[in-house]
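Asker: I am sharing data-v6.txt, which consists of compact mmCIF, C-alpha atoms (C1' of nucleotides) and all ligand atoms:
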# COMPACT_ATOMS: atom_id res chain seq x y z
CA MET A 1 -11.54 37.22 -3.85
CA LYS A 2 -14.04 35.21 -5.74
CA ASN A 3 -12.82 31.68 -5.41
CA LEU A 4 -12.32 31.13 -1.73
CA LEU A 5 -15.20 28.81 -2.13
CA TYR A 6 -14.01 25.78 -0.31
CA THR A 7 -11.51 26.82 2.31
CA GLY A 8 -10.23 30.33 2.00
CA LYS A 9 -7.26 29.03 0.04
CA LYS A 10 -6.85 29.47 -3.66
CA ILE A 11 -8.55 26.55 -5.34
CA LYS A 12 -10.48 26.65 -8.57
CA LYS A 13 -14.09 25.60 -8.33
CA THR A 14 -14.52 23.22 -11.22
CA LYS A 15 -17.48 21.04 -12.11
CA ALA A 16 -15.67 17.79 -11.37
CA ARG A 17 -14.20 19.05 -8.11
CA THR A 18 -17.54 20.34 -6.88
CA ILE A 19 -19.37 17.13 -7.65
CA ILE A 20 -16.66 14.98 -6.07
CA LEU A 21 -16.85 16.99 -2.87
CA GLU A 22 -20.64 17.00 -2.83
CA GLU A 23 -20.84 13.27 -3.36
CA ILE A 24 -18.25 12.28 -0.80
CA ASN A 25 -20.05 14.45 1.71
CA LYS A 26 -23.31 12.65 1.05
CA ILE A 27 -22.04 9.27 2.09
CA LYS A 28 -20.75 7.96 5.39
CA SER A 29 -18.72 5.17 3.82
CA HIS A 30 -15.02 5.37 2.97
CA PRO A 31 -14.86 4.89 -0.78
CA THR A 32 -11.84 4.18 -2.91
CA ALA A 33 -10.99 6.48 -5.82
CA TYR A 34 -12.57 4.03 -8.19
CA GLU A 35 -15.78 3.88 -6.17
CA MET A 36 -15.91 7.66 -6.20
CA PHE A 37 -15.32 7.55 -9.96
CA GLU A 38 -18.38 5.33 -10.38
CA ILE A 39 -20.50 7.65 -8.27
CA VAL A 40 -19.32 10.83 -9.95
CA LYS A 41 -19.80 9.34 -13.42
CA GLN A 42 -23.54 9.28 -12.81
CA ARG A 43 -23.60 13.08 -12.70
CA LEU A 44 -20.64 13.73 -14.99
CA PRO A 45 -20.49 10.87 -17.47
CA ARG A 46 -17.31 12.00 -19.21
CA VAL A 47 -15.23 12.35 -16.05
CA SER A 48 -11.97 10.41 -16.04
CA LEU A 49 -10.50 8.30 -13.28
CA GLY A 50 -7.38 10.45 -13.29
CA THR A 51 -9.47 13.51 -12.55
CA VAL A 52 -11.04 11.78 -9.58
CA TYR A 53 -7.63 10.78 -8.23
CA ARG A 54 -6.20 14.25 -8.73
CA ASN A 55 -9.13 16.02 -7.14
CA LEU A 56 -9.31 13.72 -4.17
CA ASP A 57 -5.63 14.45 -3.60
CA ILE A 58 -6.10 18.19 -3.94
CA LEU A 59 -9.11 18.16 -1.67
CA SER A 60 -7.20 16.18 0.94
CA GLU A 61 -4.26 18.57 0.72
CA HIS A 62 -6.73 21.34 1.47
CA GLY A 63 -8.20 19.46 4.40
CA LEU A 64 -11.59 18.99 2.78
CA VAL A 65 -11.27 15.23 2.58
CA LEU A 66 -9.28 12.65 4.52
CA LYS A 67 -7.11 10.07 2.78
CA LEU A 68 -6.90 6.78 4.64
CA LYS A 69 -4.55 3.86 4.26
CA MET A 70 -6.07 0.66 5.60
CA ASN A 71 -4.94 -2.93 5.18
CA ASP A 72 -6.11 -3.36 1.63
CA ALA A 73 -4.56 -2.32 -1.64
CA GLN A 74 -6.40 0.95 -2.31
CA MET A 75 -6.55 4.28 -0.53
CA HIS A 76 -9.86 5.27 1.00
CA TYR A 77 -11.30 8.76 1.16
CA ASP A 78 -13.47 10.27 3.84
CA GLY A 79 -15.71 13.33 3.68
CA ARG A 80 -15.67 13.58 7.44
CA THR A 81 -12.61 15.67 8.19
CA ASP A 82 -12.43 15.85 11.95
CA GLU A 83 -9.81 13.48 13.34
CA HIS A 84 -11.27 10.09 14.12
CA TYR A 85 -10.31 6.44 14.04
CA HIS A 86 -11.49 3.62 11.81
CA ILE A 87 -12.18 -0.07 11.80
CA GLN A 88 -12.07 -2.33 8.80
CA CYS A 89 -13.62 -5.76 8.43
CA VAL A 90 -10.84 -8.17 7.51
CA LYS A 91 -13.28 -10.23 5.47
CA CYS A 92 -15.42 -7.84 3.42
CA GLY A 93 -13.26 -4.72 3.68
CA LYS A 94 -16.05 -2.46 4.94
CA THR A 95 -14.52 0.53 6.72
CA GLU A 96 -16.37 2.45 9.44
CA ASP A 97 -15.82 5.19 11.96
CA ILE A 98 -14.99 4.34 15.55
CA PRO A 99 -16.72 6.34 18.27
CA LEU A 100 -13.55 6.57 20.31
CA GLU A 101 -12.25 9.89 21.53
CA MET A 102 -8.89 10.96 20.11
CA LEU A 103 -5.96 9.80 22.18
CA LYS A 104 -4.07 13.08 22.14
CA ASP A 105 -2.02 12.17 25.20
CA ILE A 106 -0.19 9.37 23.40
CA ASP A 107 1.59 11.85 21.14
CA THR A 108 2.96 13.51 24.24
CA ALA A 109 3.83 10.18 25.80
CA VAL A 110 5.76 9.21 22.68
CA ARG A 111 7.40 12.60 22.41
CA ASP A 112 9.02 11.98 25.78
CA LYS A 113 10.31 8.58 24.73
CA THR A 114 11.78 9.38 21.32
CA SER A 115 13.81 12.11 19.70
CA TYR A 116 11.19 12.57 17.00
CA ARG A 117 9.10 15.67 16.55
CA ILE A 118 5.70 13.97 16.49
CA LEU A 119 3.27 15.32 13.93
CA TYR A 120 0.36 12.90 14.12
CA HIS A 121 -0.61 9.31 14.66
CA THR A 122 -3.05 6.87 13.15
CA ILE A 123 -4.95 4.07 14.81
CA SER A 124 -6.82 1.42 12.86
CA PHE A 125 -8.81 -1.47 14.21
CA TYR A 126 -9.39 -4.71 12.35
CA GLY A 127 -11.99 -7.37 12.98
CA LEU A 128 -15.16 -8.94 11.68
CA CYS A 129 -18.33 -6.97 11.02
CA THR A 130 -21.61 -8.49 12.21
CA GLY A 131 -22.49 -9.99 8.86
CA CYS A 132 -19.08 -11.56 8.35
CA ALA A 133 -18.89 -12.82 11.93
CA GLU A 134 -22.18 -14.69 11.39
CA GLU A 135 -20.99 -16.30 8.18
CA ASP A 136 -17.92 -17.28 10.08
CA VAL A 137 -19.96 -19.24 12.60
CA SER A 138 -22.50 -20.85 10.27
CA GLY A 139 -20.06 -21.48 7.46
CA LYS A 140 -17.26 -22.89 9.55
CA GLY A 141 -14.77 -24.81 7.46
CA LYS A 142 -16.19 -23.62 4.17
CA LYS A 143 -13.95 -21.69 1.91
CA VAL A 144 -15.98 -18.93 0.38
CA MET E 1 9.38 -34.80 12.48
CA LYS E 2 12.56 -33.43 11.13
CA ASN E 3 11.69 -30.03 9.80
CA LEU E 4 9.92 -28.19 12.60
CA LEU E 5 12.93 -26.04 12.50
CA TYR E 6 11.40 -22.62 12.71
CA THR E 7 8.09 -22.87 14.51
CA GLY E 8 6.78 -26.34 15.05
CA LYS E 9 4.68 -25.92 11.91
CA LYS E 10 5.53 -27.58 8.65
CA ILE E 11 7.86 -25.28 6.77
CA LYS E 12 10.75 -26.30 4.60
CA LYS E 13 14.13 -25.01 5.67
CA THR E 14 15.64 -23.75 2.45
CA LYS E 15 18.83 -21.83 1.90
CA ALA E 16 17.07 -18.63 0.85
CA ARG E 17 14.53 -18.80 3.67
CA THR E 18 17.19 -19.37 6.30
CA ILE E 19 19.35 -16.51 5.12
CA ILE E 20 16.38 -14.13 4.90
CA LEU E 21 15.39 -14.93 8.45
CA GLU E 22 18.95 -14.70 9.73
CA GLU E 23 19.54 -11.36 8.06
CA ILE E 24 16.29 -9.74 9.14
CA ASN E 25 17.04 -10.82 12.69
CA LYS E 26 20.43 -9.15 12.55
CA ILE E 27 19.08 -5.69 11.93
CA LYS E 28 16.84 -3.43 13.94
CA SER E 29 15.61 -1.46 10.95
CA HIS E 30 12.40 -2.16 9.05
CA PRO E 31 13.51 -3.00 5.53
CA THR E 32 11.40 -3.24 2.42
CA ALA E 33 11.44 -6.43 0.37
CA TYR E 34 13.85 -4.84 -2.04
CA GLU E 35 16.21 -3.80 0.74
CA MET E 36 16.14 -7.37 2.05
CA PHE E 37 16.82 -8.57 -1.50
CA GLU E 38 19.97 -6.44 -1.62
CA ILE E 39 21.15 -7.76 1.72
CA VAL E 40 20.41 -11.39 0.94
CA LYS E 41 22.09 -11.16 -2.47
CA GLN E 42 25.41 -10.66 -0.71
CA ARG E 43 25.22 -14.17 0.70
CA LEU E 44 23.15 -15.74 -2.08
CA PRO E 45 23.99 -13.92 -5.29
CA ARG E 46 21.50 -15.77 -7.49
CA VAL E 47 18.47 -15.16 -5.26
CA SER E 48 15.52 -13.54 -7.00
CA LEU E 49 13.35 -10.71 -5.75
CA GLY E 50 10.28 -12.93 -6.06
CA THR E 51 11.84 -15.41 -3.67
CA VAL E 52 12.43 -12.69 -1.13
CA TYR E 53 8.82 -11.51 -1.40
CA ARG E 54 7.45 -15.04 -1.16
CA ASN E 55 9.57 -15.96 1.83
CA LEU E 56 8.88 -12.77 3.74
CA ASP E 57 5.19 -13.49 3.27
CA ILE E 58 5.54 -17.09 4.38
CA LEU E 59 7.62 -16.10 7.37
CA SER E 60 5.07 -13.49 8.36
CA GLU E 61 2.23 -15.99 8.01
CA HIS E 62 4.16 -18.17 10.42
CA GLY E 63 4.68 -15.33 12.85
CA LEU E 64 8.44 -15.23 12.40
CA VAL E 65 8.41 -11.79 10.84
CA LEU E 66 6.04 -8.83 11.02
CA LYS E 67 4.73 -7.13 7.90
CA LEU E 68 4.10 -3.43 8.36
CA LYS E 69 2.16 -0.97 6.26
CA MET E 70 3.34 2.58 6.85
CA ASN E 71 2.60 5.73 4.89
CA ASP E 72 4.89 5.03 2.00
CA ALA E 73 4.49 2.84 -1.04
CA GLN E 74 6.25 -0.33 0.09
CA MET E 75 5.61 -2.85 2.82
CA HIS E 76 8.17 -3.06 5.60
CA TYR E 77 9.29 -6.19 7.39
CA ASP E 78 10.36 -6.57 10.98
CA GLY E 79 12.34 -9.35 12.61
CA ARG E 80 11.06 -8.31 16.00
CA THR E 81 7.81 -10.22 16.37
CA ASP E 82 6.39 -9.11 19.68
CA GLU E 83 3.60 -6.57 19.24
CA HIS E 84 4.93 -3.05 19.26
CA TYR E 85 4.26 0.30 17.64
CA HIS E 86 6.27 2.25 15.08
CA ILE E 87 7.14 5.77 14.06
CA GLN E 88 8.14 6.86 10.60
CA CYS E 89 9.91 10.05 9.61
CA VAL E 90 7.73 11.83 7.07
CA LYS E 91 10.80 13.20 5.35
CA CYS E 92 13.36 10.39 5.07
CA GLY E 93 11.06 7.41 5.64
CA LYS E 94 13.14 5.90 8.44
CA THR E 95 10.96 3.60 10.54
CA GLU E 96 11.70 2.84 14.17
CA ASP E 97 10.21 1.09 17.17
CA ILE E 98 8.32 3.06 19.78
CA PRO E 99 8.94 2.21 23.43
CA LEU E 100 5.27 2.49 24.28
CA GLU E 101 3.46 -0.30 26.06
CA MET E 102 0.69 -1.99 24.08
CA LEU E 103 -2.69 -0.36 24.58
CA LYS E 104 -4.64 -3.56 25.05
CA ASP E 105 -7.51 -1.78 26.77
CA ILE E 106 -8.50 0.14 23.65
CA ASP E 107 -9.60 -3.05 21.91
CA THR E 108 -12.00 -3.64 24.78
CA ALA E 109 -13.13 -0.04 24.73
CA VAL E 110 -13.89 -0.29 21.02
CA ARG E 111 -15.55 -3.67 21.42
CA ASP E 112 -18.13 -2.03 23.65
CA LYS E 113 -18.83 0.72 21.16
CA THR E 114 -19.15 -1.27 17.93
CA SER E 115 -20.70 -4.51 16.78
CA TYR E 116 -17.38 -5.70 15.39
CA ARG E 117 -15.45 -8.62 16.71
CA ILE E 118 -12.11 -6.87 17.21
CA LEU E 119 -9.07 -8.87 16.21
CA TYR E 120 -6.25 -6.36 16.48
CA HIS E 121 -5.29 -2.75 16.03
CA THR E 122 -2.35 -0.84 14.66
CA ILE E 123 -0.92 2.47 15.78
CA SER E 124 1.63 4.40 13.78
CA PHE E 125 3.24 7.69 14.62
CA TYR E 126 4.58 10.13 12.06
CA GLY E 127 6.98 12.97 12.54
CA LEU E 128 10.49 14.21 11.90
CA CYS E 129 13.58 12.34 13.02
CA THR E 130 16.37 14.38 14.61
CA GLY E 131 18.37 14.70 11.43
CA CYS E 132 15.41 15.79 9.33
CA ALA E 133 14.14 18.18 11.99
CA GLU E 134 17.52 19.97 11.92
CA GLU E 135 17.51 20.30 8.15
CA ASP E 136 14.04 21.69 8.49
CA VAL E 137 15.27 24.49 10.70
CA SER E 138 18.51 25.36 8.90
CA GLY E 139 17.15 24.85 5.41
CA LYS E 140 13.85 26.66 5.87
CA GLY E 141 12.27 27.54 2.57
CA LYS E 142 14.64 25.38 0.55
CA LYS E 143 13.14 22.63 -1.50
CA VAL E 144 15.50 19.71 -1.28
C1' DT D 1 -14.37 40.24 -23.31
C1' DC D 2 -9.53 38.56 -22.96
C1' DA D 3 -5.48 36.47 -21.37
C1' DT D 4 -3.73 32.86 -19.04
C1' DA D 5 -2.98 29.57 -15.59
C1' DA D 6 -5.41 25.65 -13.95
C1' DT D 7 -7.98 21.73 -15.18
C1' DT D 8 -9.45 18.11 -18.00
C1' DA D 9 -9.85 13.39 -20.82
C1' DA D 10 -7.44 9.85 -22.64
C1' DG D 11 -4.21 6.93 -22.47
C1' DA D 12 0.77 5.83 -21.50
C1' DA D 13 4.00 5.02 -17.84
C1' DT D 14 5.43 3.61 -13.31
C1' DG D 15 6.34 0.72 -9.54
C1' DA D 16 5.27 -2.61 -6.00
C1' DT D 17 3.78 -7.00 -5.79
C1' DT D 18 2.08 -11.38 -7.57
C1' DC D 19 1.85 -14.99 -10.86
C1' DC D 20 3.58 -18.44 -14.27
C1' DT D 21 6.68 -22.04 -16.03
C1' DG D 22 10.21 -25.05 -16.37
C1' DT D 23 14.04 -26.49 -13.34
C1' DT D 24 16.11 -27.54 -8.85
C1' DT D 25 16.14 -29.03 -4.12
C1' DA D 26 14.91 -30.47 0.58
C1' DA D 27 12.84 -33.92 3.24
C1' DA D 28 10.92 -38.54 3.94
C1' DG D 29 10.86 -43.18 3.13
C1' DT D 30 13.63 -47.13 1.44
C1' DA W 1 23.14 -43.51 0.38
C1' DC W 2 19.17 -43.71 -3.34
C1' DT W 3 14.57 -42.51 -4.80
C1' DT W 4 10.55 -39.99 -4.87
C1' DT W 5 7.97 -35.95 -4.91
C1' DA W 6 6.00 -31.79 -3.10
C1' DA W 7 7.83 -27.45 -2.22
C1' DA W 8 10.75 -23.94 -3.59
C1' DC W 9 13.44 -21.71 -6.94
C1' DA W 10 14.99 -18.08 -10.89
C1' DG W 11 13.59 -15.41 -14.45
C1' DG W 12 10.46 -12.98 -16.46
C1' DA W 13 5.59 -11.76 -17.54
C1' DA W 14 1.37 -10.00 -15.64
C1' DT W 15 -1.46 -7.22 -12.55
C1' DC W 16 -3.25 -3.29 -10.60
C1' DA W 17 -3.37 1.08 -8.11
C1' DT W 18 -1.74 5.30 -8.95
C1' DT W 19 0.77 9.00 -11.39
C1' DC W 20 2.26 11.30 -15.43
C1' DT W 21 2.04 13.38 -20.21
C1' DT W 22 -0.16 16.08 -23.69
C1' DA W 23 -3.17 18.60 -26.31
C1' DA W 24 -7.64 20.68 -25.69
C1' DT W 25 -10.92 23.09 -22.58
C1' DT W 26 -12.38 26.15 -18.87
C1' DA W 27 -12.55 29.13 -14.74
C1' DT W 28 -10.90 33.34 -12.98
C1' DG W 29 -9.49 38.02 -12.51
C1' DA W 30 -8.18 42.11 -15.12
MN MN Y 201 -14.33 8.18 8.74
MN MN Y 202 9.70 -2.87 14.87
ZN ZN Y 203 -17.50 -7.80 6.89
ZN ZN Y 204 14.19 11.68 8.81
Represent the structure from my file as structure tokens, please.
Ligand SMILES: [Mn+2]
Ligand SMILES: [Mn+2]
Ligand SMILES: [Zn+2]
Ligand SMILES: [Zn+2]
Answerer:
Amino acid sequence: MKNLLYTGKKIKKTKARTIILEEINKIKSHPTAYEMFEIVKQRLPRVSLGTVYRNLDILSEHGLVLKLKMNDAQMHYDGRTDEHYHIQCVKCGKTEDIPLEMLKDIDTAVRDKTSYRILYHTISFYGLCTGCAEEDVSGKGKKV
Amino acid sequence: MKNLLYTGKKIKKTKARTIILEEINKIKSHPTAYEMFEIVKQRLPRVSLGTVYRNLDILSEHGLVLKLKMNDAQMHYDGRTDEHYHIQCVKCGKTEDIPLEMLKDIDTAVRDKTSYRILYHTISFYGLCTGCAEEDVSGKGKKV
DNA sequence: TCATAATTAAGAATGATTCCTGTTTAAAGT
DNA sequence: ACTTTAAACAGGAATCATTCTTAATTATGA
């Protein structure tokens, strides 16, 4: 009963794992595995990208990190683990939390309309962040 | 003014493109590019996978097909082009339409709580289809 | 301290998608 | 119908995020 250090479930507390969890909890952004790799490298220079991928997966399986699929090529990870929704800027890719209460009733609504056993749902919003919306006005017609 | 054949926008009506659109409109499923490739090959045996990818993209840019990102590795395409939500079985990957009215009010709700210019949102449900839910009960503990 | 199962670094492999190149074709004008 | 030409095509190479393999290291619990 020594290693219930993260959750109460059996998970080894390694140097890489600890640093990854500490660092993702420091930031409010939603980094990709590669971005986490760059951050973690500063404290653990010999860490490998594979280790970052593997640990982010393990941590998300244990509910210590969320794994998000948005409309870009890479997965994003989130140290905030309570259910919440996200918005992504279609121009710069910045991903942020949405202060919208969980719509728990829609699972029930859908349950009544399908034969599926609903487990969860995701909602993602897409739009332009303030910075990108401004560029869009001033730079009309330009192709950046 | 001869080739406004699909949308009113300039798009060449080629053999591959026409068959792809016809075939995706025949089915109510949400095929991947490769699944469409297999279907199209039956009518156009020399078609290439690249052509299927390119045309599905072009058709979706023109609003004739929807391109969906669910929680599996491949993109899915949808011949039904009115906005609607989807559910995917977490076990077999089957993707189906949800008979839930569009939640247009949540875009407005989010607009008031963020600085983003909201363009659209996506909602996806995940769960077990009837077949997979049954297996889950009878085959408890088994690893298929 | 010791045994051992989990973890790691490094790099190879995978798989979906996109890109490249030389050839073919659809559409527009004659 | 004939010509022109930009768009589309097939085939295959390239890309890129992610996963896998392997031999060496390390955390844990006895
Ligand atoms: Mn978040
Ligand atoms: Mn659909
Ligand atoms: Zn932006
Ligand atoms: Zn199923």
Asker: Suppose you want the space between atom CA of Ser115 of chain E and atom CA of Ser60 of chain A; what is it in Å?
Answerer: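 So the answer is 29.3 Å.
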Asker: Distance cut-off 10 Å, centre (14.4, 1.4, 9.4) in file coordinates, counting all atoms listed in the file: which residues qualify? Return them as a short mmCIF file (atom, residue, chain, number, x, y, z; two decimals) with C-alpha atoms, in the coordinates of the input.
Answerer:
data_model
loop_
_atom_site.label_atom_id
_atom_site.label_comp_id
_atom_site.auth_asym_id
_atom_site.auth_seq_id
_atom_site.Cartn_x
_atom_site.Cartn_y
_atom_site.Cartn_z
CA ILE E 27 19.08 -5.69 11.93
CA LYS E 28 16.84 -3.43 13.94
CA SER E 29 15.61 -1.46 10.95
CA HIS E 30 12.40 -2.16 9.05
CA PRO E 31 13.51 -3.00 5.53
CA THR E 32 11.40 -3.24 2.42
CA HIS E 76 8.17 -3.06 5.60
CA TYR E 77 9.29 -6.19 7.39
CA ASP E 78 10.36 -6.57 10.98
CA HIS E 86 6.27 2.25 15.08
CA ILE E 87 7.14 5.77 14.06
CA GLN E 88 8.14 6.86 10.60
CA CYS E 89 9.91 10.05 9.61
CA GLY E 93 11.06 7.41 5.64
CA LYS E 94 13.14 5.90 8.44
CA THR E 95 10.96 3.60 10.54
CA GLU E 96 11.70 2.84 14.17
CA ASP E 97 10.21 1.09 17.17
#
Asker: Residues of chain D near chain A: apply a cut-off of 12 Å, count only C-alpha atoms (C1' of nucleotides), and supply the list as a ChimeraX atom specification.
Answerer: /D:5-11,16-17
Asker: With only C-alpha atoms (C1' of nucleotides) considered, list every residue of chain A at most 10 Å from chain W, as an MDAnalysis selection string.
Answerer: chainID A and resid 1:3 12:15 33:34 50 53:54 73:75
Asker: Please identify every polymer residue within 6 Å of ligand ZN 204 (chain Y), using only C-alpha atoms (C1' of nucleotides) and all ligand atoms, and present the set as a list in words.
Answerer: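 Result of the 6 Å neighbour search around ligand ZN 204 (chain Y): Cys89, Lys91, Cys92, Lys94, Leu128, Cys129, Gly131 and Cys132 of chain E.
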Asker: Counting all atoms listed in the file, collect the residues of chain E whose closest atom lies at most 8 Å from chain A, and write them out as a list of chain:residue names.
Answerer: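 Result, ordered by chain then number: E:Lys69, E:Asn71, E:Cys89, E:Ile98, E:Pro99, E:Leu100, E:Asp107, E:Ala109, E:Val110, E:Lys113, E:Thr114, E:Ser115, E:Tyr116, E:Arg117, E:Ile118, E:Leu119, E:Tyr120, E:His121, E:Thr122, E:Ile123, E:Ser124, E:Phe125, E:Tyr126, E:Gly127, E:Leu128, E:Cys129, E:Thr130, E:Ala133.
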Asker: Calculate how many Å separate atom CA of Met102 of chain A from atom CA of His84 of chain A, rounding to one decimal.
Answerer: 6.5 Å
Asker: Rounded to one decimal, what separation in Å do you get between atom CA of Glu23 of chain E and atom CA of Met36 of chain E?
Answerer: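 Separation of atom CA of Glu23 of chain E and atom CA of Met36 of chain E: 8.0 Å.
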Asker: Using all atoms listed in the file, can you tell me which of A:Thr18, A:Asn25, A:Glu134, A:Lys104 comes closest to ligand ZN 203 (chain Y)?
Answerer: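 Closest residue, counting all atoms listed in the file: A:Glu134.
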Asker: Export N, CA, C and O atoms (P, O5', C5', C4', C3', O3' and C1' of nucleotides) of segment 4-20 of chain W from the structure just given, as a compact mmCIF listing (two decimals), in the first residue's frame?
Answerer:
# COMPACT_ATOMS: atom_id res chain seq x y z
P DT W 4 -5.55 23.13 -81.04
O5' DT W 4 -6.03 23.61 -79.61
C5' DT W 4 -6.86 24.78 -79.53
C4' DT W 4 -7.14 25.08 -78.08
C3' DT W 4 -5.94 24.92 -77.16
O3' DT W 4 -5.94 26.04 -76.27
C1' DT W 4 -7.72 23.56 -76.38
P DT W 5 -4.66 26.36 -75.38
O5' DT W 5 -5.16 25.85 -73.95
C5' DT W 5 -6.33 26.42 -73.39
C4' DT W 5 -6.67 25.69 -72.12
C3' DT W 5 -5.44 25.33 -71.28
O3' DT W 5 -5.80 25.45 -69.92
C1' DT W 5 -6.66 23.40 -71.71
P DA W 6 -4.88 26.35 -68.91
O5' DA W 6 -5.79 26.41 -67.61
C5' DA W 6 -7.20 26.67 -67.76
C4' DA W 6 -8.00 25.64 -66.97
C3' DA W 6 -7.43 25.34 -65.59
O3' DA W 6 -8.53 25.23 -64.70
C1' DA W 6 -7.54 23.33 -66.84
P DA W 7 -8.31 24.89 -63.16
O5' DA W 7 -8.97 23.45 -63.05
C5' DA W 7 -10.24 23.21 -63.65
C4' DA W 7 -10.55 21.74 -63.57
C3' DA W 7 -10.28 21.12 -62.20
O3' DA W 7 -11.42 20.35 -61.85
C1' DA W 7 -9.10 19.92 -63.88
P DA W 8 -11.47 19.48 -60.55
O5' DA W 8 -11.01 18.05 -61.09
C5' DA W 8 -11.75 17.48 -62.15
C4' DA W 8 -11.20 16.11 -62.48
C3' DA W 8 -10.95 15.22 -61.24
O3' DA W 8 -11.57 13.96 -61.49
C1' DA W 8 -9.03 15.31 -62.62
P DC W 9 -11.53 12.83 -60.46
O5' DC W 9 -10.38 11.87 -61.01
C5' DC W 9 -10.57 11.31 -62.32
C4' DC W 9 -9.33 10.56 -62.74
C3' DC W 9 -8.78 9.65 -61.66
O3' DC W 9 -9.17 8.31 -61.91
C1' DC W 9 -7.05 10.90 -62.75
P DA W 10 -8.84 7.21 -60.79
O5' DA W 10 -7.40 6.67 -61.21
C5' DA W 10 -7.20 6.16 -62.51
C4' DA W 10 -5.80 5.55 -62.60
C3' DA W 10 -5.49 4.53 -61.51
O3' DA W 10 -4.66 3.52 -62.09
C1' DA W 10 -4.06 6.42 -61.26
P DG W 11 -4.24 2.23 -61.23
O5' DG W 11 -2.77 2.57 -60.72
C5' DG W 11 -1.81 3.05 -61.65
C4' DG W 11 -0.57 3.45 -60.89
C3' DG W 11 -0.27 2.57 -59.67
O3' DG W 11 1.05 2.09 -59.78
C1' DG W 11 -0.25 4.87 -59.07
P DG W 12 1.70 1.16 -58.60
O5' DG W 12 2.65 2.18 -57.83
C5' DG W 12 3.40 3.14 -58.58
C4' DG W 12 3.89 4.20 -57.64
C3' DG W 12 4.40 3.65 -56.29
O3' DG W 12 5.56 4.37 -55.94
C1' DG W 12 2.84 5.31 -55.92
P DA W 13 6.59 3.77 -54.83
O5' DA W 13 7.22 5.14 -54.29
C5' DA W 13 7.41 6.22 -55.19
C4' DA W 13 7.33 7.52 -54.43
C3' DA W 13 8.07 7.50 -53.09
O3' DA W 13 8.81 8.70 -52.98
C1' DA W 13 5.79 8.07 -52.74
P DA W 14 9.57 9.04 -51.58
O5' DA W 14 8.53 9.94 -50.78
C5' DA W 14 8.07 11.15 -51.37
C4' DA W 14 7.24 11.89 -50.36
C3' DA W 14 7.90 12.02 -48.98
O3' DA W 14 7.78 13.37 -48.60
C1' DA W 14 5.74 11.05 -48.78
P DT W 15 8.39 13.87 -47.19
O5' DT W 15 7.10 13.94 -46.28
C5' DT W 15 5.92 14.55 -46.79
C4' DT W 15 4.86 14.55 -45.72
C3' DT W 15 5.40 14.76 -44.31
O3' DT W 15 4.58 15.76 -43.70
C1' DT W 15 4.04 12.83 -44.40
P DC W 16 5.12 16.64 -42.48
O5' DC W 16 4.14 16.27 -41.31
C5' DC W 16 2.82 15.77 -41.61
C4' DC W 16 2.34 14.93 -40.45
C3' DC W 16 3.17 15.03 -39.18
O3' DC W 16 2.27 15.03 -38.11
C1' DC W 16 2.97 12.80 -39.78
P DA W 17 2.54 15.70 -36.72
O5' DA W 17 1.58 14.82 -35.81
C5' DA W 17 0.20 14.79 -36.12
C4' DA W 17 -0.36 13.49 -35.63
C3' DA W 17 -0.09 13.20 -34.15
O3' DA W 17 -1.30 12.75 -33.55
C1' DA W 17 0.72 11.42 -35.49
P DT W 18 -1.35 12.48 -31.97
O5' DT W 18 -0.99 10.94 -31.92
C5' DT W 18 -1.83 10.03 -32.63
C4' DT W 18 -1.20 8.66 -32.65
C3' DT W 18 -0.86 8.10 -31.27
O3' DT W 18 -1.76 7.03 -31.02
C1' DT W 18 0.82 7.62 -32.89
P DT W 19 -1.64 6.11 -29.74
O5' DT W 19 -0.78 4.85 -30.27
C5' DT W 19 -1.23 4.19 -31.43
C4' DT W 19 -0.29 3.04 -31.73
C3' DT W 19 0.00 2.15 -30.53
O3' DT W 19 -0.15 0.81 -31.01
C1' DT W 19 2.03 2.88 -31.49
P DC W 20 0.06 -0.44 -30.05
O5' DC W 20 1.49 -1.01 -30.51
C5' DC W 20 1.71 -1.24 -31.89
C4' DC W 20 3.16 -1.68 -32.09
C3' DC W 20 3.63 -2.72 -31.08
O3' DC W 20 4.26 -3.75 -31.82
C1' DC W 20 5.12 -0.88 -31.12
